[in-house]
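Novice: You'll find coords.cif just under this line, and it carries mmCIF, C-alpha atoms.
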```cif
data_data
#
loop_
_atom_site.label_atom_id
_atom_site.label_comp_id
_atom_site.auth_asym_id
_atom_site.auth_seq_id
_atom_site.Cartn_x
_atom_site.Cartn_y
_atom_site.Cartn_z
CA MET A 9 34.19 -30.81 73.78
CA ALA A 10 35.36 -28.89 76.79
CA THR A 11 38.30 -30.25 78.71
CA ALA A 12 39.43 -29.56 82.24
CA SER A 13 42.49 -29.14 84.40
CA GLY A 14 43.83 -27.43 87.49
CA LEU A 15 45.39 -24.01 87.33
CA ARG A 16 47.20 -23.01 90.48
CA VAL A 17 46.88 -19.44 91.67
CA LEU A 18 49.66 -17.77 93.59
CA PRO A 19 48.37 -15.85 96.61
CA THR A 20 48.56 -12.17 95.86
CA LEU A 21 45.08 -10.82 96.18
CA GLY A 22 44.04 -14.26 96.46
CA GLY A 23 46.85 -15.73 93.62
CA TRP A 24 47.53 -18.90 90.90
CA SER A 25 52.64 -25.50 78.21
CA HIS A 26 51.38 -26.93 73.55
CA GLY A 27 51.16 -28.69 70.36
CA LEU A 28 52.63 -28.76 66.89
CA GLY A 29 54.39 -31.33 64.72
CA VAL A 30 55.39 -35.46 65.44
CA ALA A 31 57.45 -39.17 65.57
CA ARG A 32 59.19 -41.54 63.36
CA GLN A 33 57.91 -45.06 62.94
CA SER A 34 60.74 -46.32 65.10
CA ARG A 35 59.35 -44.22 67.97
CA ALA A 36 55.71 -45.28 67.67
CA LEU A 37 55.54 -48.30 69.94
CA ALA A 38 52.42 -47.88 72.05
CA VAL A 39 49.11 -49.69 71.97
CA LEU A 40 45.94 -47.55 71.95
CA VAL A 41 42.50 -48.95 72.74
CA PRO A 42 39.90 -48.69 71.32
CA CYS A 43 39.83 -45.92 68.72
CA VAL A 44 43.31 -44.42 68.55
CA THR A 45 45.62 -46.12 66.10
CA GLN A 46 49.16 -44.80 66.37
CA VAL A 47 51.41 -41.98 67.37
CA ASP A 48 51.46 -39.20 64.79
CA ASN A 49 54.61 -40.02 62.86
CA LYS A 50 54.57 -37.48 60.05
CA SER A 51 57.63 -35.78 61.53
CA ASP A 52 59.99 -36.00 64.46
CA PHE A 53 57.69 -34.24 66.93
CA LEU A 54 60.03 -34.63 69.91
CA GLY A 55 63.28 -33.64 68.26
CA ASN A 56 65.82 -33.41 71.07
CA ARG A 57 63.28 -32.48 73.73
CA PRO A 58 62.44 -34.72 76.69
CA HIS A 59 59.01 -36.31 76.83
CA ARG A 60 57.86 -33.96 79.60
CA GLN A 61 58.22 -31.12 77.08
CA HIS A 62 56.45 -32.73 74.14
CA PRO A 63 54.67 -30.19 71.88
CA GLY A 64 51.16 -31.24 72.95
CA ILE A 65 51.66 -29.83 76.45
CA LEU A 66 49.65 -26.64 76.89
CA GLN A 67 49.54 -26.19 80.64
CA LEU A 68 50.31 -22.82 82.17
CA PRO A 69 51.17 -24.03 85.69
CA ARG A 70 51.33 -20.78 87.61
CA VAL A 71 50.37 -17.20 87.01
CA SER A 72 50.61 -14.29 89.40
CA LEU A 73 49.13 -10.84 89.02
CA PRO A 74 51.42 -8.17 87.57
CA GLN A 75 52.99 -6.29 90.46
CA ALA A 76 51.47 -2.97 89.33
CA LEU A 77 47.97 -4.49 89.28
CA SER A 78 48.41 -6.20 92.64
CA ASP A 79 49.68 -2.98 94.25
CA ALA A 80 46.81 -0.93 92.83
CA ALA A 81 44.22 -3.43 94.04
CA GLN A 82 45.72 -3.55 97.53
CA LEU A 83 45.71 0.27 97.69
CA LEU A 84 42.05 0.43 96.67
CA LEU A 85 41.09 -2.12 99.31
CA ARG A 86 42.96 -0.17 102.00
CA THR A 87 41.50 3.21 101.08
CA ASN A 88 37.92 2.05 100.47
CA SER A 89 36.78 0.24 103.56
CA VAL A 90 34.01 -2.33 103.02
CA PRO A 91 32.43 -3.80 106.19
CA ASN A 92 32.83 -7.57 106.57
CA MET A 93 34.83 -7.78 103.34
CA GLU A 94 35.87 -11.42 103.77
CA LYS A 95 32.30 -12.52 104.39
CA GLN A 96 31.02 -10.52 101.40
CA VAL A 97 33.74 -11.99 99.18
CA GLN A 98 32.75 -15.52 100.19
CA THR A 99 29.04 -14.78 99.68
CA LEU A 100 29.62 -13.35 96.21
CA THR A 101 31.95 -16.22 95.27
CA ASN A 102 29.34 -18.79 96.30
CA HIS A 103 26.65 -16.92 94.40
CA LEU A 104 28.69 -16.71 91.20
CA TRP A 105 29.75 -20.34 91.43
CA SER A 106 26.17 -21.60 91.85
CA ARG A 107 24.75 -19.33 89.15
CA HIS A 108 22.51 -20.79 86.45
CA VAL A 109 21.02 -19.26 83.35
CA PRO A 110 17.49 -17.85 83.67
CA VAL A 111 14.62 -20.22 82.93
CA GLU A 112 13.03 -19.28 79.61
CA PRO A 113 9.26 -18.40 79.62
CA GLU A 114 8.47 -21.36 77.34
CA GLU A 115 10.19 -23.76 79.75
CA LEU A 116 8.31 -22.22 82.67
CA GLN A 117 5.00 -22.72 80.88
CA ARG A 118 5.88 -26.33 80.11
CA ARG A 119 6.71 -27.01 83.76
CA ALA A 120 3.46 -25.38 84.88
CA ALA A 121 1.44 -27.53 82.46
CA ASP A 122 3.17 -30.69 83.69
CA LEU A 123 2.45 -29.76 87.31
CA GLU A 124 -1.22 -29.09 86.53
CA LYS A 125 -1.56 -32.57 85.07
CA LYS A 126 0.27 -34.09 88.02
CA LEU A 127 -1.80 -32.27 90.65
CA GLY A 128 -5.14 -33.01 88.99
CA ASN A 129 -7.89 -31.21 87.07
CA ALA A 130 -10.03 -28.43 88.50
CA ASP A 131 -13.83 -28.87 88.22
CA SER A 132 -14.78 -25.42 89.52
CA SER A 133 -13.42 -21.88 89.60
CA GLN A 134 -12.56 -22.28 93.28
CA ALA A 135 -10.74 -25.53 92.61
CA GLU A 136 -8.96 -23.94 89.63
CA GLU A 137 -7.73 -21.09 91.80
CA LYS A 138 -6.52 -23.57 94.41
CA LEU A 139 -4.75 -25.60 91.72
CA ARG A 140 -3.10 -22.49 90.33
CA GLY A 141 -1.82 -21.60 93.78
CA ALA A 142 -0.42 -25.09 94.27
CA VAL A 143 1.34 -24.92 90.90
CA LEU A 144 2.88 -21.54 91.71
CA ARG A 145 4.14 -22.78 95.09
CA ALA A 146 5.67 -25.85 93.46
CA LEU A 147 7.35 -23.72 90.78
CA ARG A 148 8.85 -21.40 93.39
CA LYS A 149 10.42 -24.38 95.15
CA THR A 150 11.82 -26.02 92.03
CA THR A 151 12.74 -23.12 89.72
CA TYR A 152 16.03 -21.25 89.86
CA HIS A 153 15.38 -17.56 90.55
CA TRP A 154 17.84 -15.64 88.41
CA GLN A 155 18.53 -12.04 89.34
CA LYS A 156 20.65 -9.47 87.57
CA LEU A 157 23.64 -8.27 89.58
CA SER A 158 23.92 -4.49 89.77
CA TYR A 159 27.54 -3.55 90.33
CA ASN A 160 27.73 -0.35 92.34
CA GLU A 161 31.03 0.88 93.81
CA ARG A 162 30.84 -1.38 96.87
CA LEU A 163 29.96 -4.57 94.96
CA SER A 164 32.60 -3.78 92.34
CA LEU A 165 35.26 -3.70 95.06
CA VAL A 166 33.97 -6.98 96.48
CA TYR A 167 34.08 -8.51 93.00
CA MET A 168 37.65 -7.29 92.54
CA ALA A 169 38.73 -8.92 95.80
CA ALA A 170 36.94 -12.15 94.89
CA ARG A 171 37.71 -12.56 91.19
CA LEU A 172 40.63 -10.40 90.02
CA ASP A 173 43.28 -13.10 90.31
CA GLY A 174 41.12 -15.98 89.08
CA GLY A 175 39.86 -14.04 86.07
CA PHE A 176 43.40 -13.00 85.18
CA ALA A 177 44.59 -16.62 85.42
CA ALA A 178 41.79 -18.01 83.26
CA VAL A 179 42.25 -15.47 80.47
CA SER A 180 46.04 -15.86 80.64
CA ARG A 181 45.60 -19.58 79.96
CA ALA A 182 43.56 -18.83 76.83
CA PHE A 183 46.08 -16.29 75.53
CA HIS A 184 48.93 -18.69 76.32
CA GLU A 185 47.42 -21.34 74.06
CA ILE A 186 47.08 -18.96 71.12
CA ARG A 187 50.60 -17.57 71.53
CA THR A 188 52.10 -21.04 71.88
CA ARG A 189 50.34 -22.60 68.93
CA ILE A 190 50.42 -19.55 66.63
CA PRO A 191 53.56 -17.65 67.70
CA GLU A 192 53.49 -15.46 64.60
CA PHE A 193 50.09 -14.02 65.57
CA GLN A 194 50.62 -10.45 66.80
CA PRO A 195 47.26 -8.77 67.47
CA GLN A 196 46.92 -5.00 67.40
CA THR A 197 43.35 -4.57 68.66
CA LEU A 198 41.31 -6.27 71.39
CA MET A 199 37.75 -5.90 72.65
CA ASP A 200 36.62 -7.15 76.07
CA PHE A 201 32.86 -7.54 76.48
CA GLY A 202 31.80 -7.44 80.13
CA SER A 203 35.25 -6.14 81.01
CA GLY A 204 34.68 -5.81 84.77
CA THR A 205 37.92 -5.04 86.58
CA GLY A 206 39.94 -5.09 83.37
CA SER A 207 41.81 -8.34 84.02
CA VAL A 208 41.57 -9.23 80.31
CA THR A 209 43.44 -6.04 79.39
CA TRP A 210 46.21 -6.80 81.89
CA ALA A 211 46.51 -10.42 80.70
CA ALA A 212 46.56 -9.35 77.05
CA HIS A 213 49.23 -6.75 77.75
CA ASN A 214 51.22 -9.42 79.60
CA THR A 215 51.01 -11.65 76.50
CA TRP A 216 51.11 -9.30 73.50
CA GLY A 217 52.13 -5.97 74.99
CA GLN A 218 54.61 -5.33 72.18
CA SER A 219 51.95 -5.42 69.44
CA LEU A 220 48.61 -4.40 71.00
CA ARG A 221 47.83 -0.73 70.50
CA GLU A 222 44.08 -0.59 71.30
CA TYR A 223 42.05 -2.19 74.09
CA MET A 224 38.28 -1.60 74.04
CA CYS A 225 36.65 -2.36 77.42
CA VAL A 226 32.84 -2.64 77.35
CA ASP A 227 30.81 -2.95 80.56
CA SER A 228 27.30 -1.78 81.42
CA SER A 229 28.37 -0.80 84.95
CA ALA A 230 29.83 2.71 85.19
CA ALA A 231 31.15 1.88 88.66
CA MET A 232 33.04 -1.15 87.33
CA LEU A 233 34.53 0.86 84.47
CA GLY A 234 35.67 3.49 86.95
CA LEU A 235 37.31 0.83 89.11
CA ALA A 236 39.11 -0.68 86.10
CA GLU A 237 40.41 2.75 85.14
CA ARG A 238 41.70 3.41 88.67
CA LEU A 239 43.49 0.06 88.65
CA LEU A 240 45.28 1.13 85.48
CA LYS A 241 46.33 4.35 87.23
CA GLY A 242 47.82 2.65 90.24
CA GLY A 243 44.69 2.93 92.38
CA SER A 244 44.28 6.72 92.03
CA GLU A 245 41.84 8.96 90.16
CA SER A 246 44.56 10.71 88.17
CA GLY A 247 47.90 9.96 86.61
CA ASP A 248 49.04 8.10 83.53
CA PRO A 249 47.65 4.61 82.98
CA PHE A 250 50.08 1.69 83.26
CA ILE A 251 48.81 0.40 79.89
CA PRO A 252 48.32 2.95 77.08
CA GLY A 253 45.56 2.72 74.47
CA VAL A 254 42.76 1.52 76.78
CA PHE A 255 39.27 2.87 76.07
CA PHE A 256 36.12 2.42 78.16
CA ARG A 257 32.48 2.41 77.08
CA GLN A 258 29.14 1.07 78.34
CA TYR A 259 27.87 -0.25 75.01
CA LEU A 260 29.23 -2.28 72.13
CA PRO A 261 30.48 -0.27 69.13
CA VAL A 262 27.49 0.43 66.88
CA SER A 263 29.27 0.33 63.52
CA PRO A 264 29.07 -3.14 61.95
CA LYS A 265 32.37 -2.47 60.17
CA VAL A 266 34.44 -2.26 63.36
CA GLN A 267 36.41 -5.46 63.95
CA PHE A 268 39.07 -6.50 66.47
CA ASP A 269 41.87 -9.04 66.19
CA VAL A 270 40.85 -10.62 69.51
CA VAL A 271 37.40 -10.46 71.11
CA VAL A 272 36.88 -11.77 74.65
CA SER A 273 33.82 -12.43 76.78
CA ALA A 274 34.90 -13.67 80.19
CA PHE A 275 32.20 -14.74 82.66
CA SER A 276 29.67 -12.40 81.01
CA LEU A 277 27.25 -14.61 79.04
CA SER A 278 25.82 -15.94 82.31
CA GLU A 279 24.89 -12.36 83.24
CA LEU A 280 22.53 -11.96 80.29
CA PRO A 281 18.81 -12.35 81.10
CA SER A 282 17.62 -14.54 78.22
CA LYS A 283 18.65 -16.92 75.48
CA ALA A 284 17.56 -14.40 72.86
CA GLU A 285 19.87 -11.75 74.29
CA ARG A 286 22.76 -14.23 74.56
CA THR A 287 22.24 -15.19 70.92
CA GLU A 288 22.27 -11.55 69.81
CA VAL A 289 25.42 -10.79 71.81
CA ILE A 290 27.31 -13.87 70.56
CA GLN A 291 26.43 -13.09 66.94
CA ASN A 292 27.48 -9.48 67.47
CA LEU A 293 30.79 -10.51 69.06
CA TRP A 294 31.52 -12.94 66.23
CA ARG A 295 30.83 -10.24 63.61
CA LYS A 296 33.37 -8.04 65.37
CA THR A 297 36.00 -10.81 65.39
CA SER A 298 38.67 -10.78 62.72
CA ASN A 299 40.80 -13.58 64.21
CA PHE A 300 39.93 -15.07 67.62
CA LEU A 301 36.78 -15.05 69.75
CA ILE A 302 37.48 -16.26 73.30
CA LEU A 303 34.55 -17.21 75.53
CA LEU A 304 35.03 -18.17 79.19
CA GLU A 305 32.52 -19.17 81.85
CA ASN A 306 32.59 -20.93 85.21
CA GLY A 307 33.79 -24.53 85.22
CA THR A 308 30.31 -25.86 86.00
CA LYS A 309 27.67 -27.74 84.03
CA ALA A 310 25.82 -24.45 83.47
CA GLY A 311 29.00 -22.76 82.21
CA HIS A 312 29.82 -25.70 79.96
CA ARG A 313 26.33 -25.67 78.40
CA LEU A 314 26.54 -21.94 77.76
CA LEU A 315 29.77 -22.36 75.83
CA MET A 316 28.56 -25.36 73.85
CA ASP A 317 25.48 -23.37 72.79
CA ALA A 318 27.70 -20.45 71.80
CA ARG A 319 30.04 -22.75 69.88
CA ASP A 320 27.16 -24.31 67.94
CA LEU A 321 25.68 -20.89 67.20
CA VAL A 322 28.95 -19.70 65.64
CA LEU A 323 29.76 -22.91 63.77
CA LYS A 324 26.28 -23.90 62.61
CA GLY A 325 24.34 -20.64 62.56
CA LYS A 326 24.12 -18.35 59.56
CA GLU A 327 26.05 -15.16 60.18
CA LYS A 328 24.13 -11.93 59.62
CA SER A 329 25.85 -9.41 57.36
CA PRO A 330 29.30 -10.99 57.70
CA LEU A 331 32.23 -8.64 57.26
CA ASP A 332 34.51 -11.63 56.82
CA PRO A 333 33.16 -14.54 54.72
CA GLN A 334 35.64 -16.99 56.22
CA PRO A 335 34.05 -19.76 58.33
CA GLY A 336 34.82 -20.36 61.98
CA PHE A 337 36.42 -23.36 63.65
CA VAL A 338 37.12 -24.42 67.22
CA PHE A 339 40.73 -23.53 68.00
CA ALA A 340 40.71 -24.65 71.64
CA PRO A 341 37.98 -26.30 73.68
CA ASN A 342 39.07 -26.33 77.32
CA LYS A 343 38.01 -26.37 80.86
CA LYS A 344 40.37 -25.47 83.60
CA PRO A 345 39.35 -26.27 87.21
CA LYS A 346 43.11 -21.61 93.98
CA GLU A 347 43.07 -23.84 91.45
CA GLU A 348 40.73 -21.86 89.19
CA LYS A 349 37.83 -23.64 87.52
CA PHE A 350 36.58 -22.29 84.24
CA SER A 351 35.15 -23.40 80.91
CA LEU A 352 36.73 -22.08 77.75
CA VAL A 353 36.20 -22.14 74.01
CA ILE A 354 38.34 -20.26 71.49
CA LEU A 355 36.81 -19.78 68.05
CA ALA A 356 38.90 -18.64 65.11
CA ARG A 357 38.07 -17.32 61.67
CA GLY A 358 39.40 -18.97 58.53
CA PHE A 359 40.95 -22.41 58.51
CA PRO A 360 43.34 -24.19 60.91
CA ARG A 361 46.94 -23.14 60.30
CA GLU A 362 48.45 -26.22 61.93
CA THR A 363 49.28 -29.25 59.81
CA HIS A 364 48.16 -31.74 62.46
CA CYS A 365 44.93 -32.27 64.38
CA TRP A 366 45.59 -34.02 67.66
CA PRO A 367 42.92 -35.01 70.20
CA ARG A 368 42.67 -33.11 73.49
CA ILE A 369 42.73 -34.76 76.90
CA THR A 370 39.38 -34.06 78.57
CA GLN A 371 39.82 -35.62 82.03
CA PRO A 372 42.70 -36.20 84.43
CA VAL A 373 45.09 -38.82 83.04
CA LEU A 374 44.74 -41.99 85.12
CA LYS A 375 48.22 -43.43 85.64
CA ARG A 376 48.39 -47.14 86.38
CA PRO A 377 51.29 -49.62 86.45
CA ARG A 378 52.53 -50.01 82.87
CA HIS A 379 49.52 -48.25 81.34
CA VAL A 380 47.54 -45.00 81.41
CA HIS A 381 43.92 -44.10 80.65
CA CYS A 382 43.30 -41.01 78.50
CA HIS A 383 39.85 -39.62 77.72
CA LEU A 384 40.12 -37.72 74.46
CA CYS A 385 38.08 -35.25 72.45
CA CYS A 386 38.97 -36.02 68.84
CA PRO A 387 39.20 -33.44 66.02
CA ASP A 388 35.78 -34.52 64.71
CA GLY A 389 34.17 -33.86 68.11
CA HIS A 390 33.78 -37.46 69.25
CA MET A 391 34.82 -38.54 72.74
CA GLN A 392 37.12 -41.58 72.95
CA HIS A 393 38.77 -43.52 75.75
CA ALA A 394 42.31 -44.67 75.05
CA VAL A 395 44.32 -47.14 77.14
CA ILE A 396 47.98 -46.58 76.35
CA THR A 397 50.50 -49.26 77.27
CA ALA A 398 54.25 -49.68 76.77
CA ARG A 399 55.71 -52.95 75.46
CA GLN A 400 57.61 -54.94 78.00
CA HIS A 401 60.45 -55.81 75.60
CA GLY A 402 61.83 -54.47 72.38
CA ARG A 403 64.48 -52.17 71.07
CA TYR A 404 62.25 -49.16 70.39
CA LYS A 405 61.51 -46.23 72.66
CA ARG A 406 58.10 -45.92 74.26
CA ASP A 407 57.52 -42.31 73.21
CA LEU A 408 53.73 -42.16 73.18
CA TYR A 409 53.41 -43.97 76.51
CA ARG A 410 55.91 -41.61 78.11
CA CYS A 411 54.26 -38.54 76.56
CA ALA A 412 50.88 -39.67 77.87
CA ARG A 413 52.20 -40.17 81.41
CA VAL A 414 53.51 -36.59 81.60
CA SER A 415 50.45 -35.02 79.94
CA SER A 416 47.66 -33.29 81.83
CA TRP A 417 44.02 -32.37 81.51
CA GLY A 418 43.73 -29.90 78.60
CA ASP A 419 46.89 -30.98 76.74
CA LEU A 420 47.00 -32.34 73.19
CA LEU A 421 48.09 -35.96 72.73
CA PRO A 422 50.25 -36.54 69.60
CA VAL A 423 48.26 -39.39 68.09
CA LEU A 424 46.22 -40.08 64.97
CA THR A 425 42.63 -41.24 65.47
CA GLN A 426 40.27 -43.35 63.40
CA SER A 427 37.11 -41.27 63.27
CA GLU A 428 35.36 -43.89 61.17
CA LEU A 429 35.34 -46.34 64.08
CA PRO A 430 32.32 -46.22 66.42
CA PRO A 431 33.07 -43.54 69.04
CA SER A 432 32.32 -43.80 72.71
CA PRO A 433 29.17 -41.89 73.75
CA ALA A 434 29.89 -38.18 74.25
CA GLN A 435 29.92 -37.24 77.87
CA ASP A 436 29.69 -33.88 79.58
CA PRO A 437 33.12 -33.57 81.27
CA SER A 438 31.56 -31.52 84.06
CA GLU A 439 29.82 -34.67 85.29
CA ASN A 440 33.09 -36.42 86.13
#
```
With the file now loaded, output its structure as structure tokens.
Specialist:
Amino acid sequence: MATASGLRVLPTLGGWSHGLGVARQSRALAVLVPCVTQVDNKSDFLGNRPHRQHPGILQLPRVSLPQALSDAAQLLLRTNSVPNMEKQVQTLTNHLWSRHVPVEPEELQRRAADLEKKLGNADSSQAEEKLRGAVLRALRKTTYHWQKLSYNERLSLVYMAARLDGGFAAVSRAFHEIRTRIPEFQPQTLMDFGSGTGSVTWAAHNTWGQSLREYMCVDSSAAMLGLAERLLKGGSESGDPFIPGVFFRQYLPVSPKVQFDVVVSAFSLSELPSKAERTEVIQNLWRKTSNFLILLENGTKAGHRLLMDARDLVLKGKEKSPLDPQPGFVFAPNKKPKEEKFSLVILARGFPRETHCWPRITQPVLKRPRHVHCHLCCPDGHMQHAVITARQHGRYKRDLYRCARVSSWGDLLPVLTQSELPPSPAQDPSEN
């Protein structure tokens, strides 16, 4: 259910629109094939706006770091010399981008058993030892070797140079969707799990600075927490922080009764060593969520799978000791490929507040003469391929066709779908 798009980053340290409401019958002249029936015509969704500003557009085209954050980061890089910084930044970026989750012990045992069968049976202790050695060598060649990253002061600085702007852009896109679709939502508290350089805090302050009064930053690395605090203080050890109400800690709050309006985990689930630990963390984060849980990972197949597992755990799993009995629902599945590539899922408590449920565009819109191809993730989770054409003649406007042509990867398309029709096979958008 993840979708994807390009988010352009303005060069600073390295540097980088939504949907409600709908059209009258007289404005619904587009043909959708195979499983989309008609433009949503419950209300005048365009009003007096041009098609390029239809309410399904969610893109946040450009984001640049706040000047105070950019200045603080530049100061820290100048005053803390790191040898071969550019090379280390590229090495870390490549490592993070190619990262996979650790192979579980059960999976490793299964692979070893398959290799033993493939390589043959041992009829003596000497042959068994030789077979075991061959299996181990084969496993080393074919198994991803996951290692935990230990962020000391040097690596924290390298991470800041590599990921500060991209992380800020990705989280800003998630916050933008919530603010655009639910403008009345004014959070007061936020928790950031795996807070790193603190880009979530800066993005949240940029979005809801008037209402947020508490930011809880949780990271196991003391060096990373120290760096985030210095960034808030303009790059120095002392002084007043640019954003008030920010607290730092190395562990999640113990009390099960503590909840936050917004909980974020950005690029942190992939740093956990096992599925069991990821499950425990996701359940813990969801228990601490009173409104929105935002999960982001790299825009790769591995990142996409992590988020789909997390989504299913929240939606289908039984919550332990829930503080809030309200169920969860997917508010925004997304994938945004500096351009910054990332996978995103936003989970919300309660029930959808919007009156409509429009499908989301999950691949780049293919624009052809007189028609466009849209790959859609429908509200029921099915993937559908729609070919939208405009009539050659007639007295009615071609609203849906024009809206589709100006829409992008990640936007909502203002149409109604027929979920009872056979859907196209679901496809991992990362494979396209």
Novice: Would you mind reading off the distance between CA of Ser228 in chain A and CA of Val262 in chain A, one decimal, in Å?
Specialist: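 We find that CA of Ser228 in chain A and CA of Val262 in chain A lie 14.7 Å from each other.
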Novice: Quick one, how far is CA of Glu222 in chain A from CA of Pro191 in chain A?
Specialist: 19.8 Å
Novice: If the PyMOL selection byres ((chain A and resi 215) around 10) is run on the structure shown, which residues does it catch, given as a count of residues only?
Specialist: 17
Novice: Do you know which residues the PyMOL selection byres ((chain A and resi 151) around 10) returns on this file, as an MDAnalysis selection string?
Specialist: chainID A and resid 110:111 116 119 146:150 152:154
Novice: Counting all atoms listed in the file, give me one row per residue of range 74-133 of chain A with an atom at most 9 Å from an atom of range 238-242 of chain A, showing the shortest contact pair and its distance in Å to one decimal, sorted by chain then residue number, as a Markdown table.
Specialist:
```
| residue | atom | partner | partner_atom | distance |
| --- | --- | --- | --- | --- |
| A:Ala76 | CA | A:Gly242 | CA | 6.8 |
| A:Leu77 | CA | A:Leu239 | CA | 6.4 |
| A:Ser78 | CA | A:Leu239 | CA | 8.9 |
| A:Asp79 | CA | A:Gly242 | CA | 7.2 |
| A:Ala80 | CA | A:Gly242 | CA | 4.5 |
| A:Ala81 | CA | A:Leu239 | CA | 6.5 |
| A:Leu83 | CA | A:Gly242 | CA | 8.1 |
| A:Leu84 | CA | A:Leu239 | CA | 8.2 |
```
Novice: Could you tell me how far CA of Glu237 in chain A lies from CA of Ser351 in chain A, in Å and to one decimal?
Specialist: 27.0 Å
Novice: I'd like the neighbourhood of range 91-107 of chain A as a PDB file with C-alpha atoms, keeping the file's coordinate frame, where a residue qualifies if any of its atoms comes within 8 Å (using only C-alpha atoms), though same-chain residues fewer than 5 positions away should be ignored.
Specialist:
```
ATOM      1  CA  TRP A 154      17.840 -15.640  88.410  1.00  0.00           C
ATOM      2  CA  VAL A 166      33.970  -6.980  96.480  1.00  0.00           C
ATOM      3  CA  TYR A 167      34.080  -8.510  93.000  1.00  0.00           C
ATOM      4  CA  ALA A 169      38.730  -8.920  95.800  1.00  0.00           C
ATOM      5  CA  ALA A 170      36.940 -12.150  94.890  1.00  0.00           C
ATOM      6  CA  ARG A 171      37.710 -12.560  91.190  1.00  0.00           C
ATOM      7  CA  SER A 278      25.820 -15.940  82.310  1.00  0.00           C
ATOM      8  CA  ASN A 306      32.590 -20.930  85.210  1.00  0.00           C
ATOM      9  CA  THR A 308      30.310 -25.860  86.000  1.00  0.00           C
ATOM     10  CA  ALA A 310      25.820 -24.450  83.470  1.00  0.00           C
TER      11      ALA A 310
END
```
Novice: In terms of the shortest atom-to-atom distance over all atoms listed in the file, which of A:Trp294, A:Phe300, A:Phe350, A:Phe359 is closest to Gly325 in chain A?
Specialist: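 Among A:Trp294, A:Phe300, A:Phe350, A:Phe359, it is A:Trp294 that comes nearest to Gly325 in chain A.
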Novice: Using only C-alpha atoms for the distances, tell me which of A:Thr397, A:Thr87, A:Gln67, A:Gln371 is nearest to Thr188 in chain A.
Specialist: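 Nearest to Thr188 in chain A: A:Gln67.
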Novice: For Gly389 in chain A, which of A:Phe275, A:Trp366, A:Trp417, A:Phe201 is the closest residue, counting only C-alpha atoms?
Specialist: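 Using only C-alpha atoms, the shortest distance to Gly389 in chain A belongs to A:Trp366.
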Novice: Using only C-alpha atoms, which residues sit within 12 Å of range 136-145 of chain A once same-chain residues fewer than 6 positions away are excluded, as number ranges by chain?
Specialist: A: 116-130, 151
Novice: To verify the selection step, state as a PDB file with C-alpha atoms, keeping the file's coordinate frame which residues the PyMOL selection byres ((chain A and resi 315) around 10) yields on this input.
Specialist:
```
ATOM      1  CA  MET A   9      34.190 -30.810  73.780  1.00  0.00           C
ATOM      2  CA  ALA A  10      35.360 -28.890  76.790  1.00  0.00           C
ATOM      3  CA  LEU A 277      27.250 -14.610  79.040  1.00  0.00           C
ATOM      4  CA  SER A 278      25.820 -15.940  82.310  1.00  0.00           C
ATOM      5  CA  LEU A 303      34.550 -17.210  75.530  1.00  0.00           C
ATOM      6  CA  LEU A 304      35.030 -18.170  79.190  1.00  0.00           C
ATOM      7  CA  GLU A 305      32.520 -19.170  81.850  1.00  0.00           C
ATOM      8  CA  ASN A 306      32.590 -20.930  85.210  1.00  0.00           C
ATOM      9  CA  ALA A 310      25.820 -24.450  83.470  1.00  0.00           C
ATOM     10  CA  GLY A 311      29.000 -22.760  82.210  1.00  0.00           C
ATOM     11  CA  HIS A 312      29.820 -25.700  79.960  1.00  0.00           C
ATOM     12  CA  ARG A 313      26.330 -25.670  78.400  1.00  0.00           C
ATOM     13  CA  LEU A 314      26.540 -21.940  77.760  1.00  0.00           C
ATOM     14  CA  MET A 316      28.560 -25.360  73.850  1.00  0.00           C
ATOM     15  CA  ASP A 317      25.480 -23.370  72.790  1.00  0.00           C
ATOM     16  CA  ALA A 318      27.700 -20.450  71.800  1.00  0.00           C
ATOM     17  CA  ARG A 319      30.040 -22.750  69.880  1.00  0.00           C
ATOM     18  CA  ASP A 320      27.160 -24.310  67.940  1.00  0.00           C
ATOM     19  CA  LEU A 321      25.680 -20.890  67.200  1.00  0.00           C
ATOM     20  CA  PRO A 341      37.980 -26.300  73.680  1.00  0.00           C
ATOM     21  CA  SER A 351      35.150 -23.400  80.910  1.00  0.00           C
ATOM     22  CA  LEU A 352      36.730 -22.080  77.750  1.00  0.00           C
ATOM     23  CA  VAL A 353      36.200 -22.140  74.010  1.00  0.00           C
ATOM     24  CA  ILE A 354      38.340 -20.260  71.490  1.00  0.00           C
TER      25      ILE A 354
END
```
Novice: How big is the axis-aligned box around the listed atoms of range 147-151 of chain A once 6 Å is added on each side, and where is its centre? Give both in Å to one decimal, as lines of an AutoDock Vina configuration file.
Specialist:
```
center_x = 10.0
center_y = -23.7
center_z = 92.4
size_x = 17.4
size_y = 16.6
size_z = 17.4
```
